[in-house]
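Asker: Take a look at this one; I'll ask things after.
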Amino acid sequence: MIKEEILDLKKKKGVSILAHNYQIPEIQDIADHLGDSLALSRRARDLDADIIIFCGVLFMAETAAILSPDKKIIIPDPKAGCPLADMVTPEALRELKQKHPDAVVVTYVNSTAEVKAETDICCTSANALEVVNSIPKSREIIFGPDRNLGSWVSAQAGRDLILWDGYCIVHQMFSADRIRELKKEHPGSVVMVHPEVPPEIINESDVALGTGGMIRFAGDSDSNTFIVGTETGMVYRLKTIYPGKNFIPAFSGAICRNMKKITPEKVLRSLKTLGPVVTVPEKIARRARSAIEKMMEIK
Ligand code: 13P
Ligand code: SF4
């Protein structure tokens, strides 16, 4: 059985497996640590392990590598990218910065290391509001690459942001009509959505949270039924933690093909070869690290 082979080999080689909440069930089941993008980066940095296999998309493994330059960070499939992260290039961001030379640049961690290097301060879905609120009102803010997260933060913070026009193709798939139907079918249910969904979907929700926030919220809530507006891997994750509660995907086709590129076979291969290793040139990593660490000082 591949699962036993993986568990045995990771123990023998002293490897820790970190996995994002959107990973397929077979990967979630073999992970040492599961979490959202912020929690996983922190975990990678603080773990007492020299070798980490990161089951997620490339920007997440890169973030871990930037924060842990002395550790070997392995991604089982380096082609697991994030189309949202690729919607902004360092050149295009530099151009926008030239038009707003006094603006503070806030970049979602769903971005490449090169774009982080052009950034003043990073944020995730778990801390975007706190990051924006930490910047004096007198300063302009360039926020990217996710326009939906940006417009949600802008509304919450009550201030204008210069938004990059990027979006997540998976979180763009939800339909407000379908959520209204589901609410009727499940009276008393709570609608939780990720802030990467468009504003009309947030308007139909009770709460907008990152994946780690959803786990905490579902645990604290008295409600028994939740309509989940994010990537479907999250539904398995929630069901595993709270088997007595009901989690209904707002759209079962909301699947991130990139997250799903990580398979047990590739993890096993990575354990055998201890590769592919994620490397970020130190010139880029140093500047990106500063933007990530500034974020971590806030929340
Ligand atoms: P979280 O940080 O909320 O886990 O989200 C990451 C992501 O890629 C959402 O699409
Ligand atoms: Fe990127 Fe969207 Fe996949 Fe998250 S769900 S990794 S934002 S493509």
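Identifiers in the structure tokens: chain A, B, ... in order shown; residue index from 1 per chain; ligand index from 1 in order shown.
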Neighbours of Val88 in chain A within 9 Å (only C-alpha atoms; same-chain residues fewer than 5 positions away dropped), as a ChimeraX atom specification?

Answerer: /A:93,111-112,115,144-145,164-166

Asker: Write out as a PyMOL selection string each polymer residue whose atoms come within 9 Å of Ser189 in chain A, counting only C-alpha atoms; drop sequence neighbours fewer than 3 positions from it.

Answerer: chain A and resi 182-183+186+223-227

Asker: Could you pull out the residues sitting within 8 Å of ligand 1, using only C-alpha atoms and all ligand atoms, and write them as a list in words?

Answerer: His20, Asn21, Tyr22, Gly35, Asp36, Ser37, Leu38, Val57, Cys82, Asn110, Thr124, Ser125, Ala126, Cys168, Val170, His171, His194, Glu196, Leu209, Gly210, Thr211, Gly212, Gly213, Thr230 and Glu231 of chain A

Asker: Print the selection's residues with C-alpha atoms to a file, as a PDB file, in the first residue's frame.

Answerer:
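part_32.pdb, freshly written:
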ATOM      1  CA  HIS A  20      -2.811  22.773   2.328  1.00  0.00           C
ATOM      2  CA  ASN A  21      -6.501  22.410   3.201  1.00  0.00           C
ATOM      3  CA  TYR A  22      -7.371  22.014  -0.525  1.00  0.00           C
ATOM      4  CA  GLY A  35      -3.397  24.377   7.315  1.00  0.00           C
ATOM      5  CA  ASP A  36      -4.000  27.586   5.406  1.00  0.00           C
ATOM      6  CA  SER A  37      -1.204  29.312   3.528  1.00  0.00           C
ATOM      7  CA  LEU A  38      -0.136  31.495   6.477  1.00  0.00           C
ATOM      8  CA  VAL A  57       0.947  25.091  -4.973  1.00  0.00           C
ATOM      9  CA  CYS A  82      -1.484  29.309  -9.136  1.00  0.00           C
ATOM     10  CA  ASN A 110      -0.672  34.166  -3.765  1.00  0.00           C
ATOM     11  CA  THR A 124      -3.054  36.450   3.366  1.00  0.00           C
ATOM     12  CA  SER A 125      -6.806  35.987   3.506  1.00  0.00           C
ATOM     13  CA  ALA A 126      -6.355  35.528   7.284  1.00  0.00           C
ATOM     14  CA  CYS A 168      -8.861  33.161  -8.911  1.00  0.00           C
ATOM     15  CA  VAL A 170     -11.827  28.645  -9.105  1.00  0.00           C
ATOM     16  CA  HIS A 171     -13.411  31.204  -6.761  1.00  0.00           C
ATOM     17  CA  HIS A 194     -13.538  32.656   0.952  1.00  0.00           C
ATOM     18  CA  GLU A 196     -11.469  35.424  -3.129  1.00  0.00           C
ATOM     19  CA  LEU A 209     -13.005  33.777   5.915  1.00  0.00           C
ATOM     20  CA  GLY A 210      -9.746  32.172   4.826  1.00  0.00           C
ATOM     21  CA  THR A 211      -9.584  28.389   5.107  1.00  0.00           C
ATOM     22  CA  GLY A 212      -8.093  28.428   8.620  1.00  0.00           C
ATOM     23  CA  GLY A 213     -10.777  30.899   9.727  1.00  0.00           C
ATOM     24  CA  THR A 230     -14.458  27.716  -1.515  1.00  0.00           C
ATOM     25  CA  GLU A 231     -12.402  24.956  -3.157  1.00  0.00           C
TER      26      GLU A 231
END

Asker: For the alpha helix (DSSP H) assignment from backbone DSSP, which residues of range 10-203 of chain A qualify? Please present them as a ChimeraX atom specification.

Answerer: /A:10-13,25-28,37-46,58-67,90-99,113-116,128-133,147-157,176-185,199-202

Asker: Hey, which of A:Glu130, A:Glu200, A:Glu26, A:Glu62 ends up closest to Glu297 in chain A? Count only C-alpha atoms.

Answerer: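 For Glu297 in chain A, the nearest of the given residues is A:Glu130.
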
Asker: What's around Ile121 in chain A at 8 Å? Count only C-alpha atoms, leave out sequence neighbours fewer than 5 positions away in its own chain, and write the answer as number ranges by chain.

Answerer: A: 104-107, 131, 290-292, 294-295

Asker: If we count only C-alpha atoms and set the cut-off at 9 Å, which residues sit around Asn258 in chain A, ignoring sequence neighbours fewer than 2 positions away in its own chain? Please answer as a PDB file with N, CA, C and O atoms, in the first residue's frame.

Answerer:
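File written: around.pdb
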ATOM      1  N   GLY A  56       1.127  21.496  -1.864  1.00  0.00           N
ATOM      2  CA  GLY A  56       0.317  22.685  -2.111  1.00  0.00           C
ATOM      3  C   GLY A  56       0.756  23.230  -3.456  1.00  0.00           C
ATOM      4  O   GLY A  56       1.343  22.496  -4.260  1.00  0.00           O
ATOM      5  N   VAL A  57       0.499  24.514  -3.702  1.00  0.00           N
ATOM      6  CA  VAL A  57       0.947  25.091  -4.973  1.00  0.00           C
ATOM      7  C   VAL A  57       2.296  25.793  -4.772  1.00  0.00           C
ATOM      8  O   VAL A  57       2.718  26.040  -3.640  1.00  0.00           O
ATOM      9  N   LYS A  79       5.024  21.943 -11.159  1.00  0.00           N
ATOM     10  CA  LYS A  79       4.073  22.533 -12.138  1.00  0.00           C
ATOM     11  C   LYS A  79       2.750  22.894 -11.479  1.00  0.00           C
ATOM     12  O   LYS A  79       1.846  23.418 -12.129  1.00  0.00           O
ATOM     13  N   ALA A  80       2.611  22.611 -10.179  1.00  0.00           N
ATOM     14  CA  ALA A  80       1.387  23.005  -9.462  1.00  0.00           C
ATOM     15  C   ALA A  80       1.481  24.509  -9.191  1.00  0.00           C
ATOM     16  O   ALA A  80       1.966  24.949  -8.149  1.00  0.00           O
ATOM     17  N   GLY A  81       1.053  25.281 -10.164  1.00  0.00           N
ATOM     18  CA  GLY A  81       1.140  26.747 -10.035  1.00  0.00           C
ATOM     19  C   GLY A  81      -0.161  27.324  -9.519  1.00  0.00           C
ATOM     20  O   GLY A  81      -1.067  26.595  -9.124  1.00  0.00           O
ATOM     21  N   CYS A  82      -0.237  28.642  -9.520  1.00  0.00           N
ATOM     22  CA  CYS A  82      -1.484  29.309  -9.136  1.00  0.00           C
ATOM     23  C   CYS A  82      -1.728  30.385 -10.194  1.00  0.00           C
ATOM     24  O   CYS A  82      -0.987  31.367 -10.261  1.00  0.00           O
ATOM     25  N   PRO A  83      -2.754  30.190 -11.049  1.00  0.00           N
ATOM     26  CA  PRO A  83      -3.011  31.172 -12.108  1.00  0.00           C
ATOM     27  C   PRO A  83      -3.202  32.591 -11.570  1.00  0.00           C
ATOM     28  O   PRO A  83      -2.815  33.560 -12.220  1.00  0.00           O
ATOM     29  N   ILE A 255     -12.996  23.222  -8.189  1.00  0.00           N
ATOM     30  CA  ILE A 255     -11.832  22.364  -7.951  1.00  0.00           C
ATOM     31  C   ILE A 255     -10.585  23.061  -8.492  1.00  0.00           C
ATOM     32  O   ILE A 255     -10.553  23.471  -9.656  1.00  0.00           O
ATOM     33  N   CYS A 256      -9.574  23.197  -7.671  1.00  0.00           N
ATOM     34  CA  CYS A 256      -8.313  23.793  -8.118  1.00  0.00           C
ATOM     35  C   CYS A 256      -7.449  22.670  -8.685  1.00  0.00           C
ATOM     36  O   CYS A 256      -6.881  21.865  -7.945  1.00  0.00           O
ATOM     37  N   LYS A 260      -4.664  19.785  -7.044  1.00  0.00           N
ATOM     38  CA  LYS A 260      -4.896  18.349  -7.214  1.00  0.00           C
ATOM     39  C   LYS A 260      -3.758  17.662  -7.974  1.00  0.00           C
ATOM     40  O   LYS A 260      -3.807  16.440  -8.201  1.00  0.00           O
ATOM     41  N   LYS A 261      -2.757  18.433  -8.413  1.00  0.00           N
ATOM     42  CA  LYS A 261      -1.614  17.810  -9.116  1.00  0.00           C
ATOM     43  C   LYS A 261      -0.732  17.009  -8.163  1.00  0.00           C
ATOM     44  O   LYS A 261       0.081  16.198  -8.581  1.00  0.00           O
ATOM     45  N   ILE A 262      -0.876  17.287  -6.866  1.00  0.00           N
ATOM     46  CA  ILE A 262      -0.054  16.555  -5.897  1.00  0.00           C
ATOM     47  C   ILE A 262      -0.761  15.230  -5.576  1.00  0.00           C
ATOM     48  O   ILE A 262      -1.902  15.234  -5.102  1.00  0.00           O
TER      49      ILE A 262
END

Asker: Just to confirm, what's the straight-line distance from CA of Arg94 in chain A to CA of Gly158 in chain A in Å (one decimal)?

Answerer: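 Taking CA of Arg94 in chain A and CA of Gly158 in chain A, their separation equals 26.2 Å.
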
Asker: Would you please extract all strand (DSSP E) residues from range 17-130 of chain A, as assigned by DSSP on the backbone, and give them as an MDAnalysis selection string?

Answerer: chainID A and resid 17:20 33:35 51:55 72:74 104:108 121:123

Asker: If we count only C-alpha atoms and set the cut-off at 10 Å, which residues sit around Ala19 in chain A, ignoring sequence neighbours fewer than 3 positions away in its own chain? Please answer as a CSV table (one decimal) with N, CA and C atoms, in the first residue's frame.

Answerer:
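Saved as out05.csv:
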chain,number,residue,atom,x,y,z
A,16,SER,N,9.1,15.9,7.2
A,16,SER,CA,7.8,16.3,7.6
A,16,SER,C,6.9,16.6,6.3
A,22,TYR,N,-6.7,22.4,0.7
A,22,TYR,CA,-7.4,22.0,-0.5
A,22,TYR,C,-6.8,20.7,-1.1
A,23,GLN,N,-5.9,20.1,-0.5
A,23,GLN,CA,-5.3,18.9,-1.0
A,23,GLN,C,-6.3,17.7,-1.1
A,24,ILE,N,-6.0,16.8,-2.0
A,24,ILE,CA,-7.0,15.6,-2.1
A,24,ILE,C,-7.0,14.8,-0.8
A,27,ILE,N,-3.9,12.9,0.3
A,27,ILE,CA,-2.8,13.7,0.8
A,27,ILE,C,-3.0,14.2,2.2
A,28,GLN,N,-4.3,14.7,2.4
A,28,GLN,CA,-4.6,15.2,3.7
A,28,GLN,C,-4.4,14.1,4.8
A,29,ASP,N,-4.7,12.9,4.4
A,29,ASP,CA,-4.6,11.7,5.3
A,29,ASP,C,-3.1,11.3,5.7
A,30,ILE,N,-2.2,11.7,4.9
A,30,ILE,CA,-0.8,11.4,5.2
A,30,ILE,C,0.0,12.5,5.7
A,31,ALA,N,-0.6,13.7,5.8
A,31,ALA,CA,0.1,14.9,6.2
A,31,ALA,C,0.4,15.0,7.7
A,32,ASP,N,1.6,15.5,8.1
A,32,ASP,CA,1.9,15.7,9.5
A,32,ASP,C,1.2,17.0,10.0
A,33,HIS,N,1.1,18.0,9.1
A,33,HIS,CA,0.5,19.3,9.4
A,33,HIS,C,-0.4,19.7,8.2
A,34,LEU,N,-1.6,20.2,8.6
A,34,LEU,CA,-2.5,20.7,7.5
A,34,LEU,C,-2.8,22.2,7.9
A,35,GLY,N,-3.1,23.0,6.9
A,35,GLY,CA,-3.4,24.4,7.3
A,35,GLY,C,-3.6,25.3,6.1
A,36,ASP,N,-3.9,26.6,6.5
A,36,ASP,CA,-4.0,27.6,5.4
A,36,ASP,C,-2.6,28.1,5.0
A,37,SER,N,-2.5,29.0,4.0
A,37,SER,CA,-1.2,29.3,3.5
A,37,SER,C,-0.3,30.0,4.6
A,40,LEU,N,0.8,27.3,7.3
A,40,LEU,CA,1.8,26.4,6.8
A,40,LEU,C,3.2,27.0,6.7
A,53,ILE,N,8.3,18.2,2.9
A,53,ILE,CA,7.6,18.0,1.6
A,53,ILE,C,6.4,18.8,1.7
A,54,PHE,N,6.3,19.8,0.8
A,54,PHE,CA,5.2,20.8,0.8
A,54,PHE,C,4.1,20.4,-0.2
A,55,CYS,N,3.0,20.0,0.2
A,55,CYS,CA,1.9,19.6,-0.7
A,55,CYS,C,0.9,20.8,-0.8
A,56,GLY,N,1.1,21.5,-1.9
A,56,GLY,CA,0.3,22.7,-2.1
A,56,GLY,C,0.8,23.2,-3.5
A,57,VAL,N,0.5,24.5,-3.7
A,57,VAL,CA,0.9,25.1,-5.0
A,57,VAL,C,2.3,25.8,-4.8
A,60,MET,N,3.2,28.7,-2.3
A,60,MET,CA,3.2,28.3,-0.9
A,60,MET,C,4.6,27.7,-0.5
A,259,MET,N,-3.9,22.4,-7.3
A,259,MET,CA,-3.8,21.7,-5.9
A,259,MET,C,-3.8,20.2,-6.1
A,262,ILE,N,-0.9,17.3,-6.9
A,262,ILE,CA,-0.1,16.6,-5.9
A,262,ILE,C,-0.8,15.2,-5.6

Asker: Of the candidates A:Ile298, A:Val235, A:Ala103, A:Ala285, which shows the shortest atom-to-atom distance to Ser68 in chain A, using only C-alpha atoms?

Answerer: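 Closest residue, counting only C-alpha atoms: A:Ala285.
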
Asker: Measuring atom to atom with only C-alpha atoms and all ligand atoms, identify which of A:Met87, A:Val267, A:Val228, A:Met214 is nearest to ligand 2.

Answerer: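 Ranking A:Met87, A:Val267, A:Val228, A:Met214 by distance to ligand 2, first place goes to A:Met87.
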
Asker: Enter the distance from CA of Asp102 in chain A to CA of Arg139 in chain A, in Å, rounded to one decimal.

Answerer: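 These atoms are spaced 7.3 Å apart.
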
Asker: Go through A:Pro90, A:Pro199, A:Pro25, A:Gly229 and flag the residue nearest ligand 2, using only C-alpha atoms and all ligand atoms for the distances.

Answerer: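 Of A:Pro90, A:Pro199, A:Pro25, A:Gly229, the one nearest ligand 2, counting only C-alpha atoms and all ligand atoms, is A:Gly229.
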